[in-house]
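For reference, final05.cif (mmCIF, C-alpha atoms):
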data_protein
loop_
_atom_site.label_atom_id
_atom_site.label_comp_id
_atom_site.auth_asym_id
_atom_site.auth_seq_id
_atom_site.Cartn_x
_atom_site.Cartn_y
_atom_site.Cartn_z
CA MET C 1 -18.14 -22.83 10.20
CA ARG C 2 -18.88 -25.09 7.24
CA ILE C 3 -20.85 -24.99 4.05
CA ILE C 4 -23.72 -27.40 3.50
CA SER C 5 -25.66 -28.18 0.36
CA GLN C 6 -29.06 -28.40 2.04
CA PRO C 7 -30.37 -26.63 5.16
CA ARG C 8 -30.43 -28.76 8.28
CA CYS C 9 -33.28 -26.84 9.81
CA GLY C 10 -36.87 -27.69 9.08
CA PRO C 11 -38.78 -25.69 6.49
CA THR C 12 -40.51 -23.58 9.11
CA SER C 13 -37.24 -22.49 10.74
CA LYS C 14 -35.22 -21.70 7.62
CA THR C 15 -34.22 -18.07 7.19
CA GLU C 16 -33.16 -16.90 3.76
CA ILE C 17 -31.42 -13.64 2.94
CA THR C 18 -31.49 -11.74 -0.30
CA HIS C 19 -28.04 -10.35 -1.06
CA PRO C 20 -28.52 -6.57 -1.25
CA ARG C 21 -26.69 -6.33 -4.57
CA LEU C 22 -27.60 -9.53 -6.38
CA SER C 23 -30.63 -10.97 -8.09
CA PRO C 24 -31.29 -14.72 -7.69
CA ILE C 25 -29.17 -15.28 -10.82
CA SER C 26 -26.24 -12.93 -11.30
CA TYR C 27 -23.21 -13.00 -13.51
CA ARG C 28 -19.64 -12.47 -12.47
CA SER C 29 -17.16 -10.16 -14.15
CA GLN C 30 -14.13 -12.21 -15.10
CA PHE C 31 -12.05 -9.06 -15.42
CA GLU C 32 -12.50 -8.48 -11.69
CA ASP C 33 -10.10 -11.29 -10.78
CA GLY C 34 -7.16 -10.83 -13.06
CA GLY C 35 -7.45 -9.68 -16.65
CA GLY C 36 -9.71 -8.11 -19.25
CA SER C 37 -11.32 -4.72 -19.52
CA LYS C 38 -14.33 -3.23 -17.80
CA ALA C 39 -16.24 -3.72 -21.04
CA GLU C 40 -16.07 -7.44 -20.18
CA ALA C 41 -17.65 -6.90 -16.80
CA GLU C 42 -21.02 -8.48 -17.60
CA GLY C 43 -20.07 -12.12 -17.03
CA ARG C 44 -20.64 -13.06 -13.38
CA TYR C 45 -21.94 -15.98 -11.40
CA ALA C 46 -24.14 -18.29 -13.43
CA SER C 47 -25.36 -20.23 -10.41
CA PRO C 48 -28.79 -19.28 -9.03
CA ARG C 49 -27.69 -19.93 -5.46
CA LEU C 50 -24.77 -18.84 -3.39
CA LEU C 51 -23.44 -20.43 -0.23
CA CYS C 52 -25.57 -21.70 2.64
CA VAL C 53 -23.62 -21.13 5.84
CA ASP C 54 -24.32 -23.42 8.80
CA SER C 55 -23.17 -21.78 12.02
CA VAL C 56 -21.66 -24.18 14.51
CA CYS C 57 -23.00 -22.17 17.43
CA CYS C 58 -26.72 -22.30 16.67
CA GLU C 59 -27.09 -24.64 13.67
CA ARG C 60 -29.03 -21.93 11.86
CA THR C 61 -28.84 -21.87 8.09
CA LEU C 62 -28.37 -18.74 6.01
CA GLY C 63 -28.91 -18.76 2.26
CA PHE C 64 -28.05 -15.97 -0.17
CA MET C 65 -31.32 -16.50 -2.03
CA GLY C 66 -34.36 -14.66 -3.17
CA GLU C 67 -36.53 -13.99 -0.09
CA LYS C 68 -36.48 -10.91 2.09
CA PHE C 69 -36.72 -10.81 5.84
CA PRO C 70 -40.30 -10.56 7.05
CA LYS C 71 -41.02 -7.20 8.57
CA LYS C 72 -41.15 -7.23 12.33
CA GLN C 73 -41.99 -4.64 14.91
CA LYS C 74 -39.01 -3.29 16.75
CA GLN C 75 -39.03 -4.55 20.34
CA PRO C 76 -38.62 -1.97 23.09
CA GLY C 77 -35.05 -1.83 24.38
CA LEU C 78 -33.63 -3.89 21.50
CA PRO C 79 -31.36 -2.45 18.77
CA HIS C 80 -32.68 -2.41 15.22
CA VAL C 81 -30.69 -4.74 12.98
CA THR C 82 -31.03 -4.31 9.23
CA ARG C 83 -30.59 -7.08 6.71
CA ARG C 84 -27.32 -5.53 5.53
CA THR C 85 -25.99 -5.26 9.10
CA PHE C 86 -26.95 -8.87 9.79
CA LEU C 87 -25.20 -10.08 6.62
CA GLY C 88 -22.09 -8.07 7.42
CA THR C 89 -21.97 -9.41 10.96
CA THR C 90 -22.33 -12.96 9.68
CA LEU C 91 -19.51 -12.54 7.16
CA VAL C 92 -17.19 -10.96 9.71
CA SER C 93 -17.96 -13.75 12.19
CA GLY C 94 -17.17 -16.32 9.50
CA ALA C 95 -13.88 -14.64 8.68
CA THR C 96 -13.02 -14.51 12.38
CA LEU C 97 -13.73 -18.20 12.75
CA LEU C 98 -11.54 -18.96 9.75
CA ALA C 99 -8.71 -16.80 11.02
CA GLY C 100 -8.72 -17.69 14.69
CA GLY C 101 -10.92 -20.68 15.29
CA SER C 102 -14.17 -20.56 17.22
CA SER C 103 -12.34 -19.35 20.32
CA ALA C 104 -11.89 -16.00 18.60
CA ILE C 105 -15.65 -15.52 18.95
CA PHE C 106 -16.68 -17.69 21.89
CA GLY C 107 -13.62 -17.22 24.10
CA ALA C 108 -10.93 -19.62 25.23
CA SER C 109 -13.31 -21.56 27.46
CA SER C 110 -15.53 -22.59 24.55
CA SER C 111 -15.88 -26.32 24.06
CA THR C 112 -15.77 -25.83 20.29
CA GLY C 113 -12.08 -25.03 20.24
CA THR C 114 -9.41 -22.91 21.85
CA SER C 115 -6.72 -22.39 19.20
CA ALA C 116 -6.40 -21.04 15.67
CA ASN C 117 -7.11 -23.38 12.81
CA PRO C 118 -3.65 -24.07 11.33
CA ASP C 119 -5.18 -24.83 7.92
CA SER C 120 -6.41 -21.25 7.56
CA MET C 121 -3.08 -19.59 8.39
CA TRP C 122 0.39 -19.32 6.89
CA LYS C 123 3.55 -17.70 8.22
CA LEU C 124 5.39 -15.78 5.52
CA GLY C 125 9.09 -16.10 6.16
CA GLY C 126 8.25 -18.01 9.33
CA ASP C 127 7.32 -14.85 11.24
CA LEU C 128 4.41 -13.12 9.48
CA PRO C 129 1.11 -14.96 10.15
CA VAL C 130 -1.50 -14.29 7.45
CA ASN C 131 -4.91 -15.67 6.63
CA ARG C 132 -4.46 -17.79 3.54
CA LEU C 133 -7.21 -16.08 1.53
CA GLY C 134 -5.89 -12.60 0.83
CA PHE C 135 -6.80 -9.72 -1.46
CA GLY C 136 -5.19 -8.60 -4.72
CA ALA C 137 -5.35 -4.82 -5.17
CA MET C 138 -4.79 -4.60 -8.93
CA ARG C 139 -8.46 -4.16 -9.88
CA ILE C 140 -9.10 -1.12 -7.72
CA THR C 141 -7.41 1.05 -10.38
CA GLY C 142 -8.78 2.37 -13.70
CA ASP C 143 -9.33 0.61 -17.03
CA GLY C 144 -6.28 -1.24 -18.32
CA ILE C 145 -4.87 -1.07 -14.78
CA TRP C 146 -4.19 2.56 -15.63
CA GLY C 147 -5.00 5.72 -13.68
CA TRP C 148 -7.52 6.33 -10.96
CA PRO C 149 -10.74 4.30 -10.72
CA ALA C 150 -13.94 5.88 -11.97
CA ASP C 151 -15.34 5.65 -8.43
CA ARG C 152 -12.57 6.34 -5.95
CA ALA C 153 -14.84 6.11 -2.91
CA LYS C 154 -15.94 2.64 -4.01
CA ALA C 155 -12.31 1.48 -4.18
CA ILE C 156 -11.74 2.76 -0.65
CA LYS C 157 -14.83 0.87 0.57
CA VAL C 158 -13.54 -2.37 -0.99
CA LEU C 159 -10.21 -2.06 0.83
CA LYS C 160 -11.85 -1.29 4.16
CA ARG C 161 -14.34 -4.12 3.74
CA ALA C 162 -11.54 -6.55 2.98
CA HIS C 163 -9.97 -5.78 6.35
CA GLU C 164 -13.35 -6.09 8.08
CA LEU C 165 -13.76 -9.57 6.60
CA GLY C 166 -10.47 -10.77 8.05
CA VAL C 167 -8.07 -10.15 5.17
CA ASN C 168 -4.61 -9.39 6.54
CA LEU C 169 -2.58 -10.00 3.37
CA ILE C 170 -2.99 -7.38 0.63
CA ASP C 171 -0.96 -7.73 -2.55
CA THR C 172 -0.20 -4.73 -4.75
CA ALA C 173 2.55 -3.35 -7.02
CA ASP C 174 3.97 0.00 -8.07
CA ALA C 175 2.89 -0.87 -11.63
CA TYR C 176 -0.81 -1.00 -10.72
CA GLY C 177 -2.05 2.37 -11.87
CA PRO C 178 0.90 2.92 -11.94
CA GLU C 179 1.24 3.98 -8.30
CA VAL C 180 -2.54 4.29 -7.82
CA SER C 181 -3.09 0.99 -5.99
CA GLU C 182 -0.45 1.72 -3.37
CA LEU C 183 -1.79 5.24 -2.82
CA LEU C 184 -5.36 3.97 -2.38
CA ILE C 185 -4.25 1.35 0.16
CA ALA C 186 -2.58 4.02 2.27
CA GLU C 187 -5.57 6.34 1.92
CA ALA C 188 -8.01 3.63 3.00
CA LEU C 189 -6.11 1.84 5.75
CA HIS C 190 -3.33 4.02 7.17
CA PRO C 191 -2.57 4.01 10.06
CA TYR C 192 -2.48 0.31 9.43
CA PRO C 193 -4.16 -2.15 11.80
CA LYS C 194 -1.90 -4.47 13.72
CA GLY C 195 -1.04 -7.63 11.81
CA LEU C 196 -1.80 -6.30 8.32
CA VAL C 197 0.81 -7.46 5.80
CA ILE C 198 1.16 -5.39 2.63
CA ALA C 199 3.07 -7.13 -0.14
CA THR C 200 4.14 -4.99 -3.06
CA LYS C 201 6.21 -5.50 -6.18
CA GLY C 202 8.66 -3.65 -8.42
CA GLY C 203 10.43 -4.37 -11.69
CA LEU C 204 7.72 -3.74 -14.30
CA THR C 205 7.32 -0.37 -16.01
CA ARG C 206 4.12 0.93 -17.61
CA PRO C 207 4.56 2.82 -20.90
CA GLY C 208 0.77 2.93 -21.28
CA PRO C 209 -2.53 1.15 -20.52
CA GLY C 210 -2.21 -2.61 -20.90
CA GLN C 211 1.57 -2.37 -21.43
CA TRP C 212 4.09 -4.03 -19.13
CA VAL C 213 7.88 -3.86 -19.66
CA PRO C 214 10.44 -5.42 -17.27
CA ASN C 215 13.17 -3.26 -15.76
CA GLY C 216 15.49 -5.07 -13.39
CA ARG C 217 18.31 -2.53 -13.28
CA PRO C 218 19.64 -2.27 -9.72
CA GLU C 219 19.40 1.53 -9.51
CA TYR C 220 15.82 1.43 -10.78
CA LEU C 221 14.76 -1.23 -8.25
CA LYS C 222 16.25 0.76 -5.36
CA GLN C 223 14.22 3.77 -6.45
CA CYS C 224 11.12 1.55 -6.65
CA VAL C 225 11.54 0.44 -3.05
CA ASP C 226 11.99 3.99 -1.77
CA LYS C 227 8.98 5.30 -3.70
CA SER C 228 6.74 2.42 -2.56
CA LEU C 229 7.72 3.12 1.04
CA LYS C 230 6.68 6.74 0.59
CA ARG C 231 3.36 5.97 -1.16
CA LEU C 232 2.41 3.26 1.35
CA ARG C 233 3.57 5.40 4.29
CA LEU C 234 5.73 2.60 5.65
CA ASP C 235 9.15 2.45 7.26
CA ARG C 236 9.63 -1.12 6.06
CA ILE C 237 7.86 -3.27 3.48
CA ASP C 238 6.97 -6.68 4.89
CA LEU C 239 7.14 -8.49 1.54
CA TYR C 240 8.77 -6.99 -1.55
CA GLN C 241 8.55 -9.06 -4.72
CA LEU C 242 10.55 -8.81 -7.94
CA HIS C 243 7.63 -8.45 -10.36
CA ARG C 244 9.49 -10.04 -13.26
CA ILE C 245 13.02 -11.21 -13.93
CA ASP C 246 14.41 -8.88 -16.58
CA PRO C 247 16.07 -10.98 -19.33
CA LYS C 248 18.38 -8.05 -20.09
CA VAL C 249 19.76 -7.86 -16.55
CA PRO C 250 21.53 -10.65 -14.61
CA VAL C 251 19.21 -11.73 -11.80
CA GLU C 252 22.16 -11.52 -9.42
CA ASP C 253 22.29 -7.76 -10.06
CA SER C 254 18.53 -7.26 -9.61
CA LEU C 255 18.30 -9.28 -6.43
CA GLY C 256 21.58 -7.86 -5.19
CA ALA C 257 19.89 -4.46 -5.15
CA LEU C 258 16.96 -5.84 -3.13
CA LYS C 259 19.41 -7.48 -0.74
CA GLU C 260 21.00 -4.08 -0.13
CA MET C 261 17.59 -2.59 0.62
CA GLN C 262 16.83 -5.49 2.95
CA GLN C 263 20.11 -4.97 4.80
CA ALA C 264 19.24 -1.27 5.10
CA GLY C 265 16.04 -2.24 6.91
CA LYS C 266 13.68 -1.14 4.12
CA ILE C 267 12.50 -4.66 3.22
CA ARG C 268 11.62 -7.47 5.60
CA HIS C 269 11.19 -10.38 3.18
CA VAL C 270 11.70 -10.90 -0.56
CA GLY C 271 9.57 -12.84 -3.04
CA LEU C 272 9.58 -13.61 -6.76
CA SER C 273 6.97 -13.68 -9.50
CA GLU C 274 6.48 -15.91 -12.55
CA VAL C 275 9.53 -18.10 -11.97
CA SER C 276 10.59 -21.72 -12.37
CA PRO C 277 12.15 -23.91 -9.66
CA GLU C 278 15.54 -23.39 -11.31
CA GLN C 279 15.16 -19.62 -11.13
CA ILE C 280 14.15 -19.83 -7.47
CA GLU C 281 17.22 -21.93 -6.70
CA ARG C 282 19.43 -19.37 -8.43
CA ALA C 283 17.79 -16.54 -6.51
CA ARG C 284 18.18 -18.27 -3.16
CA LYS C 285 21.94 -18.29 -3.64
CA ILE C 286 21.77 -14.50 -3.43
CA LEU C 287 19.25 -13.94 -0.61
CA PRO C 288 16.43 -15.77 1.19
CA ILE C 289 13.17 -16.09 -0.79
CA VAL C 290 9.93 -16.56 1.16
CA SER C 291 7.24 -16.55 -1.54
CA VAL C 292 6.47 -17.00 -5.22
CA GLN C 293 3.63 -15.42 -7.19
CA ASN C 294 2.83 -17.29 -10.42
CA GLN C 295 -0.29 -17.61 -12.53
CA TYR C 296 -2.21 -20.67 -11.38
CA ASN C 297 -5.81 -21.82 -11.12
CA ILE C 298 -7.93 -24.94 -11.44
CA GLY C 299 -7.96 -24.58 -15.23
CA ASN C 300 -4.34 -23.46 -15.71
CA ARG C 301 -1.66 -25.46 -13.93
CA LYS C 302 1.32 -24.50 -16.07
CA TRP C 303 3.39 -23.77 -12.96
CA GLU C 304 2.57 -27.02 -11.14
CA ASN C 305 6.28 -27.82 -10.84
CA THR C 306 6.88 -24.48 -9.12
CA LEU C 307 4.05 -25.15 -6.69
CA VAL C 308 5.51 -28.57 -5.86
CA TYR C 309 8.88 -26.93 -5.27
CA CYS C 310 7.30 -24.37 -2.94
CA GLU C 311 5.57 -27.14 -0.99
CA LYS C 312 8.87 -28.98 -0.57
CA GLU C 313 10.77 -25.84 0.49
CA ARG C 314 7.89 -24.34 2.54
CA LEU C 315 7.61 -21.19 0.46
CA GLY C 316 4.31 -19.34 0.18
CA PHE C 317 2.69 -19.69 -3.26
CA MET C 318 0.47 -16.75 -4.27
CA PRO C 319 -1.52 -17.67 -7.40
CA TRP C 320 -2.45 -14.65 -9.49
CA SER C 321 -5.47 -14.93 -11.78
CA PRO C 322 -6.91 -17.48 -9.30
CA VAL C 323 -10.26 -17.74 -11.10
CA GLY C 324 -8.99 -17.47 -14.66
CA GLY C 325 -8.72 -13.74 -15.40
CA ASN C 326 -10.12 -12.39 -18.66
CA ARG C 327 -10.21 -15.86 -20.22
CA GLY C 328 -12.28 -17.26 -17.40
CA LEU C 329 -11.94 -20.87 -16.32
CA ASN C 330 -11.41 -23.30 -19.18
CA SER C 331 -13.10 -25.92 -17.02
CA GLU C 332 -16.02 -23.66 -16.09
CA ARG C 333 -18.72 -25.65 -17.90
CA GLY C 334 -17.68 -28.88 -16.27
CA LEU C 335 -17.62 -27.27 -12.85
CA GLU C 336 -20.99 -25.51 -12.98
CA ALA C 337 -22.95 -28.60 -11.96
CA ALA C 338 -20.51 -29.43 -9.17
CA ALA C 339 -20.71 -25.89 -7.81
CA LYS C 340 -24.50 -25.98 -7.90
CA ASP C 341 -24.51 -29.28 -6.01
CA HIS C 342 -22.69 -27.53 -3.16
CA SER C 343 -24.78 -24.35 -3.26
CA ALA C 344 -21.76 -22.38 -4.46
CA THR C 345 -20.61 -20.58 -7.58
CA VAL C 346 -17.93 -21.77 -9.97
CA TYR C 347 -15.64 -19.01 -8.75
CA GLN C 348 -16.15 -19.84 -5.10
CA LEU C 349 -15.46 -23.48 -5.90
CA ALA C 350 -12.26 -22.49 -7.77
CA LEU C 351 -10.99 -20.51 -4.79
CA ALA C 352 -11.87 -23.30 -2.37
CA TRP C 353 -10.05 -25.74 -4.65
CA LEU C 354 -6.88 -23.64 -4.43
CA LEU C 355 -7.03 -23.60 -0.63
CA HIS C 356 -7.59 -27.36 -0.65
CA ARG C 357 -4.84 -28.01 -3.22
CA SER C 358 -1.91 -27.05 -1.01
CA PRO C 359 -1.24 -25.71 2.49
CA VAL C 360 1.27 -23.21 1.02
CA MET C 361 -1.36 -21.73 -1.32
CA LEU C 362 -2.22 -18.06 -0.66
CA PRO C 363 -4.86 -16.99 -3.20
CA ILE C 364 -5.20 -13.24 -3.73
CA PRO C 365 -8.41 -12.73 -5.75
CA GLY C 366 -8.99 -9.14 -6.76
CA THR C 367 -12.15 -7.14 -7.36
CA SER C 368 -13.46 -3.59 -7.44
CA SER C 369 -16.82 -4.63 -5.96
CA VAL C 370 -17.75 -5.06 -2.30
CA ALA C 371 -20.35 -7.69 -3.23
CA HIS C 372 -17.81 -9.73 -5.19
CA LEU C 373 -15.33 -9.40 -2.33
CA GLU C 374 -17.82 -10.78 0.17
CA GLU C 375 -18.62 -13.71 -2.10
CA ASN C 376 -14.92 -14.47 -2.63
CA MET C 377 -14.28 -14.50 1.10
CA ALA C 378 -17.17 -16.91 1.66
CA ALA C 379 -15.27 -19.46 -0.44
CA ALA C 380 -12.87 -20.07 2.46
CA ALA C 381 -15.63 -21.87 4.35
CA LEU C 382 -16.52 -24.29 1.54
CA LYS C 383 -15.63 -27.80 2.69
CA LEU C 384 -15.94 -30.85 0.45
CA THR C 385 -15.13 -34.51 0.95
CA PRO C 386 -12.01 -36.10 -0.62
CA ALA C 387 -14.32 -37.88 -3.06
CA ASP C 388 -15.87 -34.56 -4.08
CA TRP C 389 -12.47 -33.00 -4.75
CA LYS C 390 -11.38 -36.04 -6.76
CA MET C 391 -14.46 -35.70 -8.95
CA ILE C 392 -13.87 -31.96 -9.43
CA ASP C 393 -10.25 -32.57 -10.43
CA ALA C 394 -11.44 -35.07 -13.01
CA LEU C 395 -13.95 -32.55 -14.39
CA ALA C 396 -11.29 -29.86 -14.64
CA GLU C 397 -8.84 -32.13 -16.41
CA ARG C 398 -11.42 -33.15 -19.02
CA ALA C 399 -12.32 -29.56 -19.90
#
Would you kindly transcribe this structure into structure tokens?
Amino acid sequence: MRIISQPRCGPTSKTEITHPRLSPISYRSQFEDGGGSKAEAEGRYASPRLLCVDSVCCERTLGFMGEKFPKKQKQPGLPHVTRRTFLGTTLVSGATLLAGGSSAIFGASSSTGTSANPDSMWKLGGDLPVNRLGFGAMRITGDGIWGWPADRAKAIKVLKRAHELGVNLIDTADAYGPEVSELLIAEALHPYPKGLVIATKGGLTRPGPGQWVPNGRPEYLKQCVDKSLKRLRLDRIDLYQLHRIDPKVPVEDSLGALKEMQQAGKIRHVGLSEVSPEQIERARKILPIVSVQNQYNIGNRKWENTLVYCEKERLGFMPWSPVGGNRGLNSERGLEAAAKDHSATVYQLALAWLLHRSPVMLPIPGTSSVAHLEENMAAAALKLTPADWKMIDALAERA
């Protein structure tokens, strides 16, 4: 499945779909993807068009634009398919193609391919295959990442929809809520589907809304692991990340505690967050590290050296705030025209850029909206030429 700027069908055969939740021009909440308050939720996509998806099986173009399906009489013996059902089926099919290649839909005998696309997958720790575009579960909590969401049922729908769209890597933390994000994940998805990887974190305390204080004491981290296991209803956590290195506690002590929990069978793999290459090297002397989660996006490449290190050492790199968080993308204005040229939004282009930037990149955009989630997932199918990406890099660097 690939994204095209213009439909390849003739004007009489083009079918356009109005997104059930969006007007032709809608605006994206920056707070949805890593920062800000819900009072800032009015900024959304500034592009009048979303992605046009060209299906490899029938060369039929779909556009998230402003026309509704023409009304048709239901044919005897045929099931009634609503616009929403059709859109959902299309998105799920796209996610399946991304995750498993066209053979996942057409069968192994299909001439379009028989194996998974290696570019869309990553193996955490060498043994946990995940689709590279995951989901960050911070924004399903209340304001200030504090307490329960105003609409709990909506949060549950977002988590379930993420799985339907092919997400099998969900990132959370005990500090999100606190505790709320982990509890919602278990409520929505337990018993967990086969292959779902839940990555959680510990080592940040929450004195109040918007407040984050590191605590890397060994006894505290051991308690964090046990409590996360209970909230998530797991016997073992696939990926447990030290949320922050506590400057008041030697990292050897903090990671030593996680090593004990790993040896006890409570943790499968260990990751770090917001660290330099030197800190990763120090940590790897204590126990194996399989992933790093640092702030990184097309407009903020402060941790470029850490990404390069992860590429060299084959560690997964999970960029938080992948579309800029509450500050948005510094390069947004320069990218608007480029996104429009490819019938995408700035945020979809930013996510596609991350996937293009490195094979170890595992973006985890977060949202509390099903519509935003669906749009984020569509970014995985956006394919540009090397010349296009070079131009976009130049635009981002000038901003």
Residues matched by the PyMOL selection byres ((chain C and resi 374) around 9), written as a list in words: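 Residues picked by the PyMOL selection byres ((chain C and resi 374) around 9): Gly88, Leu91, Arg161, Ala162, Leu165, Ser369, Val370, Ala371, His372, Leu373, Glu375, Asn376, Met377 and Ala378 of chain C.
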Separation of atom CA of C:Pro214 from atom CA of C:Val197, in Å and rounded to one decimal: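 Atom CA of C:Pro214 sits 25.1 Å away from atom CA of C:Val197.
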Atom-to-atom span, atom CA of C:His269 and atom CA of C:Arg236, Å: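 So the answer is 9.8 Å.
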Test item: the PyMOL selection byres ((chain C and resi 168-178) around 6) resolved as a count of residues only: 21
Matched chain/residue IDs from the PyMOL selection byres ((chain C and resi 203-210) around 6), as a ChimeraX atom specification: /C:144,146,202,211-216,242-244
Pull C-alpha atoms from the residues just selected and write them as a CSV table (one decimal), keeping the file's coordinate frame.
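File written: part-v3.csv
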chain,number,residue,atom,x,y,z
C,144,GLY,CA,-6.3,-1.2,-18.3
C,146,TRP,CA,-4.2,2.6,-15.6
C,202,GLY,CA,8.7,-3.6,-8.4
C,211,GLN,CA,1.6,-2.4,-21.4
C,212,TRP,CA,4.1,-4.0,-19.1
C,213,VAL,CA,7.9,-3.9,-19.7
C,214,PRO,CA,10.4,-5.4,-17.3
C,215,ASN,CA,13.2,-3.3,-15.8
C,216,GLY,CA,15.5,-5.1,-13.4
C,242,LEU,CA,10.6,-8.8,-7.9
C,243,HIS,CA,7.6,-8.4,-10.4
C,244,ARG,CA,9.5,-10.0,-13.3
Selection as JSON, numbers by chain: residues within 8 Å of (-11.5, -22.2, -5.0), counting all atoms listed in the file: {"C": [298, 322, 323, 347, 348, 349, 350, 351, 352, 353, 354, 355, 356, 379, 380]}
Pick from C:Leu232, C:Val249, C:Val225, C:Ile289 nearest to C:Ile267, counting only C-alpha atoms: C:Val225
Shell around C:Ala283 at 8 Å using all atoms listed in the file, local window under 6 positions removed, as a list in words: Val251, Glu252, Leu255 and Ile289 of chain C
